[in-house]
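Student: So that we are looking at the same thing, I have put the structure below in structure tokens.
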Amino acid sequence: MDNQEETTEKQQGAKIKVIGVGGAGGNAVNRMVEEGVKGVEFFVANTDRQALSSSRVNQHIQLGPKITSGLGAGSDPEVGQKAALESEEEIRNALQGADMIFVTAGMGGGTGTGAAPVISKIAKDLGALTVGVVTRPFKFEGSKRAQFAMTGIAAMKSNVDTLVVISNDNLLSIVDKKTGLKEAFSVADDVLRQGVEGITDTITETGLVNLDLNDVRTVMENQGTAVIGIGSGSGDNAIDEATQAAVASPLLESDITGAKQVLLNIVGGSNLTIFDIQAAADTVAERASNDVNVIFGASIDENFEDKIQVTLIATGIDSEGSPRRQETSHSSSDKTNNQVVDWQDNQVLSNQSSNSSTVDNKSEQDRSSYNQPDFEVFQGGQAPIDHDDDDDDDVPPFLRRNNHR
């Protein structure tokens, strides 16, 4: 059996779907398509019809056409949430049959923040290993977006097996000071891509050390918040440079000390050896807990020559993971009891019917005791929909103005 046949067999063995939600999520998935990420089925979901039409991804889900008329969420997460609830049946049909689903989005805007938790809940209820990969907004994007992001991240964590959170502010330490604003957002999108690709490659790529979905499930099922580190090196000390850079990566929101599980993916040129892999695993184990379980994959990319890239996902840092829901089979007409957010009172709700009208008619008895940050996220009812938004709703307003000039 040649390598191509082996790779095809692996890809057929685990069905992986990636759905980009909102502006940033859609951009990240576009980058994955451009970079030729293999063995994955791509979807983009957005309230903005124009953004969907310009996507490189063929499979589109227009969220909430009745609610938004295809004109975006107006940077209002409540609109994004209701839009996803309106389109639940289409989302379910698209994600049906997947073994593993990635939901990627930028937190802080309207569609990504509001819709991604609903989509994640649907994915997990379908029985798929569900991983969220999201970004926090840059500080300069303002306190309101930061507050929306905090609540959105809390809702995501409640509805996925593992949540990888990347702080855009941390990207500032790895880009040149002359980096333009548009390029900075492009870097953020690319980090989302690397986070997803670093995991999927371990399953879909045939290389020196192969992993399957069960290996990944061991690391990522019911693990709560995860951290991601990406590093590269070249020359004689490439593996040491790459591993140390990944362990100390500014993308890590916290130190990997105490991590119970680490997924390590190593990509190098033809000179990558099994000893390099062992050295990387040893370095990670030294920085994590004594009983850390390091699961790694390694593959060869001839284009890397003497370069090595290390991607690590550390999980089990939280004291508790989110409880996994029992697998259930759904027909296309089934409605899930989606856990959604009350964006006016800043609470995550449970046992809500996925009919969007129930969001308006929620009762105090339906509210969970979920602990949310003590701040006002949204006051004064639903924000007006900005028809000029184009649902670049994960991009700050002043940048949108520049883009429309």
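Residues are referred to by chain and number: the chain letter is A, B, ... according to the order shown in the structure tokens, the number counts from 1 in that chain, and ligands are numbered separately from 1 in the order shown.
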Give me, as number ranges by chain, the residues of region 86-244 of chain A that a backbone DSSP run labels helix (DSSP H, G or I).

Tutor: A: 86, 88-95, 111-125, 139-141, 143-157, 168-171, 181-204, 213-220, 238-244

Student: When you count only C-alpha atoms, which of these residues is closest to Leu263 (chain A): A:Val44, A:Ala238, A:Ile313, A:Ile308?

Tutor: A:Ile313

Student: With a distance cut-off of 9 Å and only C-alpha atoms, select the neighbouring residues of Arg56 (chain A), excluding the residue or stretch itself and same-chain residues fewer than 4 positions from it, and output the selection as JSON, numbers by chain.

Tutor: {"A": [29, 30, 31, 33, 34, 52]}

Student: Next, the residues of the selection above should be written as a PDB file, in the first residue's frame with C-alpha atoms.

Tutor:
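This went into out.pdb:
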ATOM      1  CA  VAL A  29     -11.484  28.655   7.034  1.00  0.00           C
ATOM      2  CA  ASN A  30     -10.617  30.499   3.829  1.00  0.00           C
ATOM      3  CA  ARG A  31      -6.971  30.399   4.936  1.00  0.00           C
ATOM      4  CA  VAL A  33      -8.537  26.195   1.973  1.00  0.00           C
ATOM      5  CA  GLU A  34      -5.740  28.390   0.580  1.00  0.00           C
ATOM      6  CA  LEU A  52     -20.733  34.002   2.121  1.00  0.00           C
TER       7      LEU A  52
END

Student: Check the DSSP output for the backbone and give back, as number ranges by chain, the residues of region 150-328 of chain A in strand (DSSP E or B).

Tutor: A: 162-167, 209, 224-234, 261-268, 293-300, 307-315

Student: Could you dump the residues just selected with N, CA and C atoms as a short mmCIF file (atom, residue, chain, number, x, y, z; two decimals), in the first residue's frame?

Tutor:
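The resulting file, part_39.cif, is reproduced below:
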data_model
loop_
_atom_site.label_atom_id
_atom_site.label_comp_id
_atom_site.auth_asym_id
_atom_site.auth_seq_id
_atom_site.Cartn_x
_atom_site.Cartn_y
_atom_site.Cartn_z
N THR A 162 -13.48 20.62 24.12
CA THR A 162 -12.27 21.40 24.39
C THR A 162 -12.37 22.74 23.70
N LEU A 163 -11.97 23.78 24.40
CA LEU A 163 -11.98 25.13 23.83
C LEU A 163 -10.57 25.69 23.83
N VAL A 164 -10.08 26.01 22.64
CA VAL A 164 -8.78 26.67 22.48
C VAL A 164 -9.04 28.16 22.31
N VAL A 165 -8.49 28.96 23.22
CA VAL A 165 -8.69 30.41 23.18
C VAL A 165 -7.36 31.08 22.87
N ILE A 166 -7.36 31.90 21.85
CA ILE A 166 -6.16 32.62 21.43
C ILE A 166 -6.41 34.11 21.61
N SER A 167 -5.53 34.77 22.34
CA SER A 167 -5.67 36.21 22.57
C SER A 167 -4.99 36.98 21.45
N VAL A 209 5.08 9.15 12.77
CA VAL A 209 4.26 8.67 13.89
C VAL A 209 2.81 9.04 13.60
N GLY A 224 -12.43 20.89 28.85
CA GLY A 224 -12.55 22.30 29.19
C GLY A 224 -11.68 23.18 28.32
N THR A 225 -10.99 24.13 28.94
CA THR A 225 -10.16 25.07 28.20
C THR A 225 -8.80 24.47 27.87
N ALA A 226 -8.34 24.70 26.67
CA ALA A 226 -7.01 24.24 26.25
C ALA A 226 -6.17 25.45 25.88
N VAL A 227 -4.86 25.24 25.83
CA VAL A 227 -3.97 26.29 25.36
C VAL A 227 -3.17 25.75 24.18
N ILE A 228 -2.81 26.65 23.29
CA ILE A 228 -2.09 26.26 22.09
C ILE A 228 -0.76 27.00 22.03
N GLY A 229 0.27 26.29 21.60
CA GLY A 229 1.57 26.91 21.39
C GLY A 229 2.13 26.46 20.06
N ILE A 230 2.70 27.37 19.31
CA ILE A 230 3.28 27.07 18.01
C ILE A 230 4.68 27.64 17.96
N GLY A 231 5.65 26.83 17.59
CA GLY A 231 7.03 27.30 17.50
C GLY A 231 7.75 26.66 16.32
N SER A 232 8.77 27.33 15.83
CA SER A 232 9.55 26.78 14.72
C SER A 232 11.03 27.03 14.96
N GLY A 233 11.84 26.21 14.33
CA GLY A 233 13.28 26.36 14.44
C GLY A 233 13.93 25.81 13.18
N SER A 234 15.19 26.13 12.99
CA SER A 234 15.91 25.64 11.81
C SER A 234 17.36 25.39 12.17
N GLN A 261 -2.91 16.46 29.77
CA GLN A 261 -2.84 15.88 28.44
C GLN A 261 -2.20 16.89 27.50
N VAL A 262 -1.31 16.43 26.65
CA VAL A 262 -0.71 17.30 25.63
C VAL A 262 -0.72 16.57 24.30
N LEU A 263 -1.28 17.24 23.30
CA LEU A 263 -1.20 16.75 21.93
C LEU A 263 -0.08 17.51 21.24
N LEU A 264 0.89 16.78 20.74
CA LEU A 264 2.09 17.38 20.16
C LEU A 264 2.17 16.97 18.70
N ASN A 265 2.22 17.95 17.81
CA ASN A 265 2.34 17.67 16.38
C ASN A 265 3.62 18.28 15.85
N ILE A 266 4.43 17.48 15.19
CA ILE A 266 5.74 17.92 14.71
C ILE A 266 5.80 17.72 13.20
N VAL A 267 6.18 18.78 12.51
CA VAL A 267 6.35 18.71 11.06
C VAL A 267 7.77 19.15 10.73
N GLY A 268 8.46 18.35 9.93
CA GLY A 268 9.82 18.70 9.56
C GLY A 268 10.17 18.19 8.18
N ASN A 293 0.22 13.10 30.04
CA ASN A 293 0.12 12.14 28.95
C ASN A 293 0.39 12.87 27.65
N VAL A 294 1.55 12.62 27.05
CA VAL A 294 1.93 13.28 25.80
C VAL A 294 1.62 12.35 24.64
N ILE A 295 0.73 12.79 23.77
CA ILE A 295 0.40 12.04 22.57
C ILE A 295 0.87 12.86 21.38
N PHE A 296 1.66 12.24 20.53
CA PHE A 296 2.26 13.05 19.47
C PHE A 296 2.15 12.39 18.11
N GLY A 297 2.17 13.25 17.11
CA GLY A 297 2.23 12.81 15.74
C GLY A 297 3.35 13.57 15.04
N ALA A 298 3.89 12.98 14.01
CA ALA A 298 4.98 13.63 13.27
C ALA A 298 4.86 13.29 11.80
N SER A 299 5.10 14.28 10.96
CA SER A 299 5.00 14.06 9.53
C SER A 299 6.11 14.81 8.81
N ILE A 300 6.35 14.38 7.58
CA ILE A 300 7.41 14.96 6.76
C ILE A 300 6.80 15.86 5.69
N LYS A 307 13.92 22.99 8.45
CA LYS A 307 13.03 23.65 9.39
C LYS A 307 12.13 22.63 10.09
N ILE A 308 11.79 22.91 11.34
CA ILE A 308 10.85 22.08 12.10
C ILE A 308 9.81 22.98 12.74
N GLN A 309 8.55 22.57 12.68
CA GLN A 309 7.48 23.30 13.36
C GLN A 309 6.82 22.38 14.38
N VAL A 310 6.63 22.91 15.58
CA VAL A 310 5.99 22.16 16.67
C VAL A 310 4.71 22.88 17.07
N THR A 311 3.61 22.16 17.08
CA THR A 311 2.34 22.68 17.58
C THR A 311 1.91 21.83 18.76
N LEU A 312 1.59 22.48 19.89
CA LEU A 312 1.12 21.71 21.04
C LEU A 312 -0.24 22.24 21.51
N ILE A 313 -1.08 21.32 21.91
CA ILE A 313 -2.36 21.64 22.53
C ILE A 313 -2.34 21.00 23.91
N ALA A 314 -2.39 21.82 24.96
CA ALA A 314 -2.35 21.31 26.33
C ALA A 314 -3.74 21.40 26.93
N THR A 315 -4.21 20.30 27.51
CA THR A 315 -5.54 20.25 28.11
C THR A 315 -5.45 19.71 29.54
#

Student: Between CA of Val341 (chain A) and CA of Gly22 (chain A), what is the distance in Å, rounded to a tenth?

Tutor: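 According to the coordinates, CA of Val341 (chain A) and CA of Gly22 (chain A) are separated by 17.2 Å.
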
Student: CA of Ile199 (chain A) and CA of Ile174 (chain A), how far apart in Å?

Tutor: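 Computing the Euclidean distance for CA of Ile174 (chain A) and CA of Ile199 (chain A) yields 21.8 Å.
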
Student: Between A:Gly70, A:Gly258, A:Gly142, A:Gly80, which is the closest to Val292 (chain A) once you count only C-alpha atoms?

Tutor: A:Gly258

Student: Please provide as number ranges by chain all residues within 7 Å of Ala83 (chain A), with the sequence filter that same-chain residues fewer than 5 positions apart are discarded (counting only C-alpha atoms).

Tutor: A: 63-64, 67

Student: In Å, rounded to a single decimal, give me how far CA of Asp99 (chain A) is from CA of Gly23 (chain A).

Tutor: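 So the answer is 25.3 Å.
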
Student: Near Arg217 (chain A), counting only C-alpha atoms, which residues have an atom at most 8 Å away, once you skip same-chain residues fewer than 4 positions from it, shown as a PyMOL selection string?

Tutor: chain A and resi 129+213+221

Student: Given only C-alpha atoms as the basis, pick out the residue of A:Glu90, A:Thr113, A:Gly106, A:Gly97 nearest to Asp76 (chain A).

Tutor: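 When distances to Asp76 (chain A) are compared using only C-alpha atoms, the smallest one comes from A:Thr113.
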
Student: If you count only C-alpha atoms, which residues fall within 8 Å of region 279-287 of chain A, apart from same-chain ones fewer than 6 positions away, as a PyMOL selection string?

Tutor: chain A and resi 239-240+243-244+247+256-257+264+294+296
